[in-house]
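Trainee: Shown below is the structure under consideration.
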Amino acid sequence: MMRFIPGLTLCLVLAVILSVSTAANKQMQKRGNHKEDQLKSLPKDQLPSLPDDQLKVKAVVESLPLVCYQVQRDELRQLFVDWLRRLAKVKSKSYQDMALDFFQTCDLDRNNRLDADELLKCTEKKKESAKSTDTTAHVLRGLCVDALVNLGDHDGNWALDFREFLHLLHPQFTPRAKQCSLEDKKYSDGVRTVVECNTCVCACGDWVCTGVPCTHQSADGAIPGPVQQGSLPSLQQREQLLSGFKASEVVLVRAVQDEVAHIQSGDDILHELNNLQSETSHTQGDESP
């Protein structure tokens, strides 16, 4: 197992070893993912007397960062696509013209770029009409909008011009799944590990970690704990997330979820076929004289 470099701060260690992307860091900073009220851990005097490996597993269960997973991001994208389709039909416009109207309406500062804050303000339900005014739900919606903008942002300026916006929400565009890397291995969304007193979760291809200051640090430096299989949000939890957006008032959320699940199923089958073809080619190559 690769060891963390002694003497570096936790943030630097995570950036080097866990490859926490700039996108994920900005996402957490913008939406307050490191706020202490969201990232509580047990006080030192309340920790049970357990072996270190069991304490790490306990930390994974009890303290998780707030993240937007790929399935949530992709369902939000599909919700917006179906919303634009509906608006285009009602207003007798082409999809591209409707997308342009939508882009210009949401571009609040009129700089021909749409950032995550503008997109969230333009698409989130007003508090008085939303089913839940819980701050965590609002933060999570913001994280998913951030993840969506990051998906479509090709020039790295944290905003979408109209061409990027149209490509992102094009009905024929299919987001590809990304995996997190750790010590030459790939992991899917939802898996977890711990680094000293912080929990890290794989989300949208990035390791997102809690920001709890560690009172005790190992003399050997921070070492990632064992990778644990986590759980993704349930269908009902994802439906609740989407219901906080205006589009849910005119688009059937369950239909959006079914559509994304169908696309994901097709991608999974294609991925398995490609792996099988690759393994077959490798075997045939080994059998060649």
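Chain labels run A, B, ... following the order of the structure tokens; each chain numbers its residues from 1, and ligands are numbered from 1 in the order shown.
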Leaving out stretch 249-265 of chain A and any residue of its chain fewer than 5 positions from it, which residues lie within 12 Å of it when counting only C-alpha atoms, given as a PyMOL selection string?
Mentor: chain A and resi 70-87+90+123-125+129-131+171-177+234-244+270-272
Trainee: Return the single residue from A:Met98, A:Cys106, A:Ile223, A:Asp117 that is closest to A:Val149, with distances computed using only C-alpha atoms.
Mentor: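 Selected residue with least distance to A:Val149: A:Asp117.
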Trainee: Would you mind reading off the distance between atom CA of A:Cys202 and atom CA of A:Tyr187, one decimal, in Å?
Mentor: 7.4 Å
Trainee: Going by DSSP on the backbone, which bits of stretch 60-254 of chain A are alpha helix (DSSP H)? Write them as an NGL selection string, please.
Mentor: :A and (60-62 or 70-90 or 95-106 or 116-123 or 135-152 or 162-168 or 235-242 or 253-254)
Trainee: Env of A:Pro224: 7 Å cut, atoms = only C-alpha atoms, seq-sep filter 3 positions within chain, self excluded. Answer as an mmCIF file with N, CA and C atoms, in the first residue's frame.
Mentor:
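This is the output file result_0.cif:
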```cif
data_model
loop_
_atom_site.group_PDB
_atom_site.id
_atom_site.type_symbol
_atom_site.label_atom_id
_atom_site.label_comp_id
_atom_site.auth_asym_id
_atom_site.auth_seq_id
_atom_site.Cartn_x
_atom_site.Cartn_y
_atom_site.Cartn_z
ATOM 1 N N THR A 193 -13.315 5.285 1.900
ATOM 2 C CA THR A 193 -12.095 4.974 2.626
ATOM 3 C C THR A 193 -11.889 6.054 3.674
ATOM 4 N N VAL A 194 -10.932 5.860 4.548
ATOM 5 C CA VAL A 194 -10.640 6.860 5.570
ATOM 6 C C VAL A 194 -9.160 7.208 5.523
ATOM 7 N N VAL A 195 -8.852 8.452 5.826
ATOM 8 C CA VAL A 195 -7.483 8.934 5.954
ATOM 9 C C VAL A 195 -7.389 9.614 7.313
#
```
Trainee: With only C-alpha atoms as the atoms that count, which of A:Leu160, A:Thr215, A:Ser231, A:Asp107 lies nearest to A:Ser188?
Mentor: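 Closest to A:Ser188 of all the choices is A:Ser231.
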Trainee: Between atom CA of A:Val67 and atom CA of A:Phe102, what is the distance, to one decimal in Å?
Mentor: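 According to the coordinates, atom CA of A:Val67 and atom CA of A:Phe102 are separated by 26.9 Å.
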